[in-house]
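Student: Have a peek at my_file-v5.txt (compact mmCIF, C-alpha atoms).
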```txt
# COMPACT_ATOMS: atom_id res chain seq x y z
CA ILE T 1 167.88 158.85 137.94
CA LEU T 2 170.76 161.24 137.26
CA MET T 3 174.30 160.30 138.33
CA TYR T 4 176.81 162.82 139.66
CA HIS T 5 180.19 162.52 141.34
CA GLU T 6 182.39 165.59 142.00
CA ILE T 7 180.83 169.05 141.60
CA ASN T 8 184.08 170.86 140.92
CA PRO T 9 186.39 172.05 138.12
CA LEU T 10 187.76 169.29 135.91
CA PRO T 11 191.37 168.56 136.93
CA LYS T 12 194.10 167.93 134.38
CA ASN T 13 193.61 164.41 132.99
CA GLY T 14 190.37 164.09 134.98
CA SER T 15 187.46 162.05 133.64
CA THR T 16 184.66 164.23 132.25
CA GLY T 17 182.21 161.54 133.39
CA LEU T 18 183.16 162.10 137.04
CA TYR T 19 183.00 165.90 137.24
CA VAL T 20 180.44 168.67 136.70
CA SER T 21 181.45 172.30 137.24
CA ARG T 22 179.65 174.28 139.92
CA GLU T 23 178.44 176.79 137.36
CA ASN T 24 176.96 174.05 135.14
CA PHE T 25 175.40 172.27 138.09
CA ALA T 26 173.53 175.43 139.12
CA LYS T 27 172.39 175.94 135.52
CA GLN T 28 171.19 172.32 135.39
CA LEU T 29 169.11 172.79 138.54
CA ASP T 30 167.57 175.94 137.11
CA ALA T 31 166.84 174.16 133.82
CA LEU T 32 165.10 171.31 135.65
CA SER T 33 162.95 173.80 137.54
CA LYS T 34 162.12 175.81 134.42
CA GLU T 35 161.13 172.66 132.49
CA GLY T 36 158.79 171.51 135.27
CA TYR T 37 160.83 168.62 136.67
CA ASN T 38 160.42 167.72 140.33
CA THR T 39 163.20 166.14 142.38
CA VAL T 40 162.28 163.09 144.45
CA THR T 41 164.14 160.58 146.64
CA MET T 42 164.72 156.90 146.03
CA GLU T 43 162.36 156.20 148.91
CA GLN T 44 159.59 158.09 147.10
CA VAL T 45 160.29 156.10 143.93
CA TYR T 46 160.19 152.85 145.91
CA GLN T 47 156.92 153.78 147.60
CA HIS T 48 155.43 154.73 144.24
CA TRP T 49 156.37 151.46 142.55
CA VAL T 50 155.62 149.16 145.46
CA ASN T 51 152.78 150.88 147.33
CA LYS T 52 151.32 153.10 144.58
CA ALA T 53 152.18 156.29 146.48
CA PRO T 54 151.82 159.31 144.17
CA LEU T 55 154.81 161.05 142.61
CA PRO T 56 154.83 164.62 141.30
CA GLU T 57 154.80 165.35 137.58
CA LYS T 58 158.09 164.75 135.73
CA PRO T 59 159.94 163.19 138.67
CA VAL T 60 163.73 162.99 138.61
CA VAL T 61 166.20 161.63 141.19
CA LEU T 62 169.54 163.42 141.59
CA THR T 63 172.09 160.91 142.91
CA PHE T 64 175.62 161.66 144.13
CA ASP T 65 178.22 158.95 144.61
CA ASP T 66 181.10 158.70 147.12
CA GLY T 67 180.53 161.59 149.57
CA TYR T 68 182.76 164.40 148.34
CA ILE T 69 183.01 167.63 150.31
CA SER T 70 181.62 169.46 147.27
CA HIS T 71 178.34 167.61 147.84
CA PHE T 72 177.98 169.35 151.19
CA GLU T 73 179.63 172.67 150.45
CA TYR T 74 177.91 173.27 147.15
CA ALA T 75 175.49 170.71 145.68
CA MET T 76 173.27 170.30 148.73
CA LYS T 77 173.11 174.04 149.38
CA GLU T 78 172.21 174.90 145.79
CA MET T 79 169.48 172.25 145.83
CA ALA T 80 168.11 173.38 149.19
CA LYS T 81 167.92 176.99 147.95
CA ARG T 82 165.61 175.78 145.19
CA GLY T 83 163.54 173.47 147.38
CA MET T 84 165.08 170.39 145.75
CA THR T 85 166.27 167.10 147.19
CA GLY T 86 168.86 164.49 146.24
CA THR T 87 170.21 161.09 147.24
CA PHE T 88 173.80 160.91 148.51
CA TYR T 89 175.50 157.49 148.50
CA LEU T 90 178.32 157.56 151.05
CA ILE T 91 181.49 155.47 151.40
CA THR T 92 181.54 155.20 155.19
CA ASP T 93 185.32 154.72 155.50
CA ASN T 94 185.74 158.18 153.99
CA ILE T 95 183.40 160.04 156.33
CA GLY T 96 185.52 162.62 158.13
CA GLU T 97 188.61 161.82 156.05
CA GLY T 98 190.43 164.39 153.95
CA LYS T 99 188.17 166.02 151.38
CA ARG T 100 185.08 164.01 152.29
CA ILE T 101 182.16 164.93 154.50
CA SER T 102 182.02 164.61 158.29
CA GLU T 103 179.38 162.96 160.48
CA ASP T 104 177.98 166.38 161.40
CA MET T 105 177.70 167.24 157.72
CA VAL T 106 175.84 163.98 157.05
CA ARG T 107 173.36 164.88 159.78
CA GLU T 108 172.93 168.40 158.41
CA MET T 109 172.31 167.07 154.90
CA TYR T 110 169.64 164.73 156.20
CA ASN T 111 168.02 167.40 158.38
CA ILE T 112 167.82 169.81 155.44
CA GLY T 113 165.89 167.20 153.43
CA MET T 114 168.48 165.13 151.58
CA GLU T 115 168.39 161.34 151.42
CA VAL T 116 171.40 159.26 152.50
CA GLY T 117 172.28 155.82 151.17
CA SER T 118 175.16 153.35 151.36
CA HIS T 119 178.04 153.05 148.89
CA THR T 120 179.82 150.37 151.00
CA VAL T 121 182.54 150.80 153.62
CA GLY T 122 185.50 150.88 151.25
CA HIS T 123 184.11 151.26 147.70
CA VAL T 124 184.44 147.58 146.79
CA ASN T 125 183.35 146.06 143.49
CA ALA T 126 180.94 143.15 143.95
CA LYS T 127 182.32 141.48 140.83
CA SER T 128 185.78 141.08 142.36
CA THR T 129 185.01 140.70 146.07
CA PRO T 130 184.17 137.45 147.93
CA GLU T 131 180.56 137.34 149.13
CA ALA T 132 181.54 136.97 152.78
CA GLN T 133 183.46 140.23 152.48
CA LEU T 134 180.58 141.88 150.61
CA LYS T 135 178.21 141.06 153.43
CA VAL T 136 180.50 142.82 155.91
CA GLN T 137 180.83 145.84 153.59
CA TYR T 138 177.09 146.16 153.05
CA LYS T 139 176.14 145.49 156.67
CA ASP T 140 178.77 147.68 158.33
CA SER T 141 178.15 150.68 156.07
CA LYS T 142 174.42 150.44 156.78
CA LYS T 143 175.06 150.19 160.51
CA LYS T 144 177.44 153.18 160.49
CA LEU T 145 175.03 155.44 158.63
CA GLU T 146 172.15 154.34 160.86
CA SER T 147 174.21 155.18 163.95
CA ILE T 148 174.93 158.67 162.57
CA LEU T 149 171.33 159.44 161.58
CA GLY T 150 169.30 157.34 164.01
CA MET T 151 167.14 155.96 161.21
CA GLU T 152 167.03 152.96 158.90
CA ILE T 153 169.13 153.10 155.72
CA LYS T 154 167.32 151.32 152.88
CA HIS T 155 168.99 152.53 149.70
CA PHE T 156 172.28 151.38 148.18
CA CYS T 157 174.43 152.10 145.15
CA TYR T 158 176.93 149.60 143.64
CA PRO T 159 180.50 150.94 143.47
CA PHE T 160 181.72 150.78 139.86
CA GLY T 161 178.21 149.61 138.97
CA GLY T 162 179.39 146.14 139.95
CA ARG T 163 176.47 143.82 140.63
CA THR T 164 176.13 140.06 141.01
CA ASP T 165 173.18 137.84 141.91
CA GLY T 166 174.90 137.07 145.22
CA ALA T 167 175.42 140.74 145.99
CA GLU T 168 171.79 141.49 145.25
CA LYS T 169 170.63 138.71 147.58
CA ILE T 170 172.85 140.00 150.39
CA LEU T 171 171.42 143.50 149.97
CA LYS T 172 167.85 142.24 150.12
CA ASP T 173 168.61 140.07 153.17
CA LEU T 174 170.04 143.12 154.95
CA GLY T 175 166.90 145.17 154.27
CA TYR T 176 168.00 147.37 151.38
CA THR T 177 165.19 148.11 148.95
CA THR T 178 166.75 149.84 145.91
CA ALA T 179 170.12 149.91 144.16
CA PRO T 180 171.05 151.70 140.92
CA LEU T 181 173.78 150.60 138.53
CA THR T 182 175.95 152.67 136.20
CA VAL T 183 174.12 151.25 133.15
CA TYR T 184 173.00 154.19 131.03
CA GLY T 185 169.29 154.77 130.60
CA LYS T 186 166.02 155.64 132.24
CA ALA T 187 165.01 153.65 135.31
CA ASN T 188 161.81 151.61 135.31
CA TYR T 189 160.20 149.06 137.58
CA GLY T 190 160.73 146.26 135.07
CA GLN T 191 164.51 146.46 135.50
CA GLY T 192 164.16 145.30 139.09
CA LEU T 193 164.57 147.51 142.14
CA MET T 194 168.17 146.35 142.59
CA ARG T 195 169.18 146.90 138.96
CA LEU T 196 168.05 150.41 138.14
CA HIS T 197 169.60 152.34 135.27
CA ARG T 198 170.97 155.87 135.59
CA VAL T 199 171.85 158.77 133.31
CA ARG T 200 175.43 159.95 133.84
CA ILE T 201 175.85 163.73 133.65
CA ASP T 202 179.08 164.71 131.92
CA TYR T 203 181.33 167.75 132.37
CA THR T 204 180.91 168.61 128.70
CA ASP T 205 177.09 168.49 128.61
CA SER T 206 175.46 171.69 127.38
CA ILE T 207 172.10 172.62 128.93
CA ASN T 208 170.32 171.38 125.82
CA GLY T 209 172.36 168.18 125.92
CA PHE T 210 171.56 167.78 129.60
CA LEU T 211 167.82 168.19 129.02
CA ASN T 212 167.90 165.88 125.99
CA LYS T 213 169.41 163.14 128.17
CA ILE T 214 166.40 163.39 130.45
CA LYS T 215 163.76 163.77 127.77
```
As structure tokens - that is how I would like this structure written.
Tutor:
Amino acid sequence: ILMYHEINPLPKNGSTGLYVSRENFAKQLDALSKEGYNTVTMEQVYQHWVNKAPLPEKPVVLTFDDGYISHFEYAMKEMAKRGMTGTFYLITDNIGEGKRISEDMVREMYNIGMEVGSHTVGHVNAKSTPEAQLKVQYKDSKKKLESILGMEIKHFCYPFGGRTDGAEKILKDLGYTTAPLTVYGKANYGQGLMRLHRVRIDYTDSINGFLNKIK
């Protein structure tokens, strides 16, 4: 499971772990294709692990956190051109605000074959938020996305990678089925479906470095 945030030039004093340039992103997609990797959704991974549904050879999930406009304007379109898919975890308070995506964009992303998941209402960290408040965050974000798309939202991503046992129980009770962390590494079923590891893609990664992270 690869982790992306902004697909844009690195701003002055910006974190290299939160940006990938558009040029590098396109090169990374081409490298994945050339090396025989196949993009899949978190739902496909879930169905594979739980119901033994088949996955293609060399499966990889491309995940995008927060819902930046660059996800719609660039990332999604580059992926769609190559017949690829990705999973976009959206902060629902930011939909339609400033440089984030709109409800119409969310629908277009879904209709073009992208997967949509929750990243809470207001990007709250489970480790520093009361459980009663977490339940509202997790429930309301799910409800908002379901109202936009007219389908069930089952996949979640912890803001800041913050996870607690209580948070995980709330997610399961609400019907979520998977949730990745920010812990570095390859995901496997043994980690638990609500504690999946991811590989962060960095602004400074060369193509060889990028492929080595996956291999």
Student: Env of Gly67 of chain T: 12 Å cut, atoms = only C-alpha atoms, seq-sep filter 4 positions within chain, self excluded. Answer as a ChimeraX atom specification.
Tutor: /T:4-7,63,71-73,75-76,87-103,105-106,109,116-123
Student: At what distance in Å, to one decimal, does atom CA of Tyr158 of chain T lie from atom CA of Lys213 of chain T?
Tutor: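 Calculated distance between atom CA of Lys213 of chain T and atom CA of Tyr158 of chain T is 21.9 Å.
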Student: What's around Tyr37 of chain T at 9 Å? Count all atoms listed in the file, leave out sequence neighbours fewer than 2 positions away in its own chain, and write the answer as a PyMOL selection string.
Tutor: chain T and resi 31-35+39+56-60
Student: Quick one: of T:Tyr46, T:Pro130, T:Lys52, T:Tyr203, who's nearest to Pro11 of chain T, counting all atoms listed in the file?
Tutor: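 So, comparing all the options, the nearest one is T:Tyr203.
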Student: With 8 Å of padding per side, what axis-aligned box (centre and edge lengths, Å, one decimal) covers all the listed atoms of segment 67-85 of chain T? Give it as AutoDock Vina command-line options.
Tutor:
```
--center_x 173.3 --center_y 169.3 --center_z 148.2 --size_x 35.5 --size_y 31.4 --size_z 22.0
```
Student: Rounded to one decimal, what separation in Å do you get between atom CA of Lys144 of chain T and atom CA of Met194 of chain T?
Tutor: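 Atom-to-atom, atom CA of Lys144 of chain T to atom CA of Met194 of chain T, that is 21.3 Å.
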Student: Using only C-alpha atoms, determine which residues lie at most 12 Å from Glu131 of chain T, disregarding the query and same-chain residues fewer than 6 positions distant; provide the list as a PDB file with C-alpha atoms, keeping the file's coordinate frame.
Tutor:
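Here's the written file out-v2.pdb:
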```
ATOM      1  CA  VAL T 124     184.440 147.580 146.790  1.00  0.00           C
ATOM      2  CA  ASN T 125     183.350 146.060 143.490  1.00  0.00           C
ATOM      3  CA  GLN T 137     180.830 145.840 153.590  1.00  0.00           C
ATOM      4  CA  TYR T 138     177.090 146.160 153.050  1.00  0.00           C
ATOM      5  CA  LYS T 139     176.140 145.490 156.670  1.00  0.00           C
ATOM      6  CA  ARG T 163     176.470 143.820 140.630  1.00  0.00           C
ATOM      7  CA  THR T 164     176.130 140.060 141.010  1.00  0.00           C
ATOM      8  CA  ASP T 165     173.180 137.840 141.910  1.00  0.00           C
ATOM      9  CA  GLY T 166     174.900 137.070 145.220  1.00  0.00           C
ATOM     10  CA  ALA T 167     175.420 140.740 145.990  1.00  0.00           C
ATOM     11  CA  GLU T 168     171.790 141.490 145.250  1.00  0.00           C
ATOM     12  CA  LYS T 169     170.630 138.710 147.580  1.00  0.00           C
ATOM     13  CA  ILE T 170     172.850 140.000 150.390  1.00  0.00           C
ATOM     14  CA  LEU T 171     171.420 143.500 149.970  1.00  0.00           C
TER      15      LEU T 171
END
```
Student: What's the separation between atom CA of Lys154 of chain T and atom CA of Ala126 of chain T, in Å to one decimal place?
Tutor: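 One can read the atom CA of Lys154 of chain T to atom CA of Ala126 of chain T distance as 18.2 Å.
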Student: Would you mind listing what lies within 9 Å of Glu152 of chain T as a list in words, with only C-alpha atoms counted and same-chain residues fewer than 3 positions away left out?
Tutor: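 Counting only the stated atoms, we get Lys142, Lys143, Leu145, Glu146 and Leu149 of chain T.
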Student: Could you give me, as a PDB file with C-alpha atoms, in the frame of the given file, the residues within 10 Å of Leu196 of chain T, counting only C-alpha atoms and dropping anything in the same chain fewer than 6 positions from it?
Tutor:
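selection_31.pdb, written as the output of this step:
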```
ATOM      1  CA  ILE T   1     167.880 158.850 137.940  1.00  0.00           C
ATOM      2  CA  CYS T 157     174.430 152.100 145.150  1.00  0.00           C
ATOM      3  CA  THR T 178     166.750 149.840 145.910  1.00  0.00           C
ATOM      4  CA  ALA T 179     170.120 149.910 144.160  1.00  0.00           C
ATOM      5  CA  PRO T 180     171.050 151.700 140.920  1.00  0.00           C
ATOM      6  CA  LEU T 181     173.780 150.600 138.530  1.00  0.00           C
ATOM      7  CA  THR T 182     175.950 152.670 136.200  1.00  0.00           C
ATOM      8  CA  VAL T 183     174.120 151.250 133.150  1.00  0.00           C
ATOM      9  CA  TYR T 184     173.000 154.190 131.030  1.00  0.00           C
ATOM     10  CA  GLY T 185     169.290 154.770 130.600  1.00  0.00           C
ATOM     11  CA  LYS T 186     166.020 155.640 132.240  1.00  0.00           C
ATOM     12  CA  ALA T 187     165.010 153.650 135.310  1.00  0.00           C
ATOM     13  CA  ASN T 188     161.810 151.610 135.310  1.00  0.00           C
ATOM     14  CA  TYR T 189     160.200 149.060 137.580  1.00  0.00           C
ATOM     15  CA  GLY T 190     160.730 146.260 135.070  1.00  0.00           C
TER      16      GLY T 190
END
```
Student: Taking into account all atoms listed in the file, which residue in the set T:Gln44, T:Pro159, T:Gly209, T:Glu115 is nearest to Asp66 of chain T?
Tutor: T:Pro159
Student: Starting from the sparse input, extend segment 84-95 of chain T to all heavy atoms and give the output as an mmCIF file, in the frame of the given file.
Tutor:
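After the write, part_32.cif holds the following:
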```cif
data_model
loop_
_atom_site.group_PDB
_atom_site.id
_atom_site.type_symbol
_atom_site.label_atom_id
_atom_site.label_comp_id
_atom_site.auth_asym_id
_atom_site.auth_seq_id
_atom_site.Cartn_x
_atom_site.Cartn_y
_atom_site.Cartn_z
ATOM 1 N N MET T 84 164.855 171.691 146.393
ATOM 2 C CA MET T 84 165.080 170.390 145.750
ATOM 3 C C MET T 84 165.713 169.409 146.731
ATOM 4 O O MET T 84 166.264 169.800 147.765
ATOM 5 C CB MET T 84 165.996 170.561 144.540
ATOM 6 C CG MET T 84 165.385 171.369 143.403
ATOM 7 S SD MET T 84 166.587 171.622 142.067
ATOM 8 C CE MET T 84 165.496 172.124 140.725
ATOM 9 N N THR T 85 165.644 168.133 146.379
ATOM 10 C CA THR T 85 166.270 167.100 147.190
ATOM 11 C C THR T 85 167.165 166.232 146.317
ATOM 12 O O THR T 85 167.122 166.310 145.087
ATOM 13 C CB THR T 85 165.212 166.230 147.898
ATOM 14 O OG1 THR T 85 165.875 165.360 148.835
ATOM 15 C CG2 THR T 85 164.427 165.376 146.909
ATOM 16 N N GLY T 86 167.990 165.417 146.966
ATOM 17 C CA GLY T 86 168.860 164.490 146.240
ATOM 18 C C GLY T 86 169.202 163.308 147.130
ATOM 19 O O GLY T 86 168.904 163.301 148.330
ATOM 20 N N THR T 87 169.817 162.300 146.524
ATOM 21 C CA THR T 87 170.210 161.090 147.240
ATOM 22 C C THR T 87 171.729 160.978 147.207
ATOM 23 O O THR T 87 172.327 160.928 146.130
ATOM 24 C CB THR T 87 169.558 159.853 146.609
ATOM 25 O OG1 THR T 87 168.128 159.997 146.665
ATOM 26 C CG2 THR T 87 169.956 158.584 147.354
ATOM 27 N N PHE T 88 172.338 160.921 148.378
ATOM 28 C CA PHE T 88 173.800 160.910 148.510
ATOM 29 C C PHE T 88 174.257 159.540 149.013
ATOM 30 O O PHE T 88 173.925 159.146 150.129
ATOM 31 C CB PHE T 88 174.247 162.016 149.460
ATOM 32 C CG PHE T 88 173.981 163.393 148.919
ATOM 33 C CD1 PHE T 88 172.721 163.965 149.032
ATOM 34 C CD2 PHE T 88 174.981 164.110 148.279
ATOM 35 C CE1 PHE T 88 172.461 165.237 148.518
ATOM 36 C CE2 PHE T 88 174.732 165.376 147.757
ATOM 37 C CZ PHE T 88 173.476 165.938 147.877
ATOM 38 N N TYR T 89 175.002 158.830 148.162
ATOM 39 C CA TYR T 89 175.500 157.490 148.500
ATOM 40 C C TYR T 89 176.912 157.627 149.066
ATOM 41 O O TYR T 89 177.845 158.035 148.360
ATOM 42 C CB TYR T 89 175.504 156.611 147.262
ATOM 43 C CG TYR T 89 174.125 156.326 146.711
ATOM 44 C CD1 TYR T 89 173.733 156.821 145.470
ATOM 45 C CD2 TYR T 89 173.208 155.548 147.425
ATOM 46 C CE1 TYR T 89 172.471 156.551 144.949
ATOM 47 C CE2 TYR T 89 171.945 155.275 146.926
ATOM 48 C CZ TYR T 89 171.583 155.780 145.685
ATOM 49 O OH TYR T 89 170.333 155.510 145.182
ATOM 50 N N LEU T 90 177.083 157.283 150.343
ATOM 51 C CA LEU T 90 178.320 157.560 151.050
ATOM 52 C C LEU T 90 179.187 156.317 151.266
ATOM 53 O O LEU T 90 178.682 155.257 151.637
ATOM 54 C CB LEU T 90 178.005 158.182 152.409
ATOM 55 C CG LEU T 90 177.090 159.415 152.389
ATOM 56 C CD1 LEU T 90 176.911 159.945 153.810
ATOM 57 C CD2 LEU T 90 177.639 160.497 151.479
ATOM 58 N N ILE T 91 180.488 156.483 151.035
ATOM 59 C CA ILE T 91 181.490 155.470 151.400
ATOM 60 C C ILE T 91 181.823 155.746 152.866
ATOM 61 O O ILE T 91 182.414 156.774 153.195
ATOM 62 C CB ILE T 91 182.759 155.618 150.539
ATOM 63 C CG1 ILE T 91 182.433 155.523 149.055
ATOM 64 C CG2 ILE T 91 183.802 154.581 150.940
ATOM 65 C CD1 ILE T 91 183.572 155.967 148.143
ATOM 66 N N THR T 92 181.449 154.845 153.758
ATOM 67 C CA THR T 92 181.540 155.200 155.190
ATOM 68 C C THR T 92 182.975 155.311 155.687
ATOM 69 O O THR T 92 183.241 156.059 156.627
ATOM 70 C CB THR T 92 180.740 154.204 156.050
ATOM 71 O OG1 THR T 92 181.157 152.867 155.786
ATOM 72 C CG2 THR T 92 179.251 154.329 155.774
ATOM 73 N N ASP T 93 183.920 154.589 155.090
ATOM 74 C CA ASP T 93 185.320 154.720 155.500
ATOM 75 C C ASP T 93 185.848 156.129 155.275
ATOM 76 O O ASP T 93 186.808 156.551 155.923
ATOM 77 C CB ASP T 93 186.211 153.732 154.732
ATOM 78 C CG ASP T 93 186.655 152.565 155.598
ATOM 79 O OD1 ASP T 93 186.266 152.521 156.781
ATOM 80 O OD2 ASP T 93 187.390 151.694 155.091
ATOM 81 N N ASN T 94 185.252 156.851 154.345
ATOM 82 C CA ASN T 94 185.740 158.180 153.990
ATOM 83 C C ASN T 94 185.075 159.305 154.773
ATOM 84 O O ASN T 94 185.465 160.466 154.629
ATOM 85 C CB ASN T 94 185.535 158.443 152.498
ATOM 86 C CG ASN T 94 186.445 157.608 151.626
ATOM 87 O OD1 ASN T 94 187.411 157.022 152.107
ATOM 88 N ND2 ASN T 94 186.151 157.550 150.343
ATOM 89 N N ILE T 95 184.078 158.979 155.572
ATOM 90 C CA ILE T 95 183.400 160.040 156.330
ATOM 91 C C ILE T 95 184.382 160.627 157.341
ATOM 92 O O ILE T 95 184.970 159.925 158.144
ATOM 93 C CB ILE T 95 182.144 159.494 157.033
ATOM 94 C CG1 ILE T 95 181.088 159.110 155.986
ATOM 95 C CG2 ILE T 95 181.572 160.528 158.010
ATOM 96 C CD1 ILE T 95 179.846 158.461 156.552
#
```
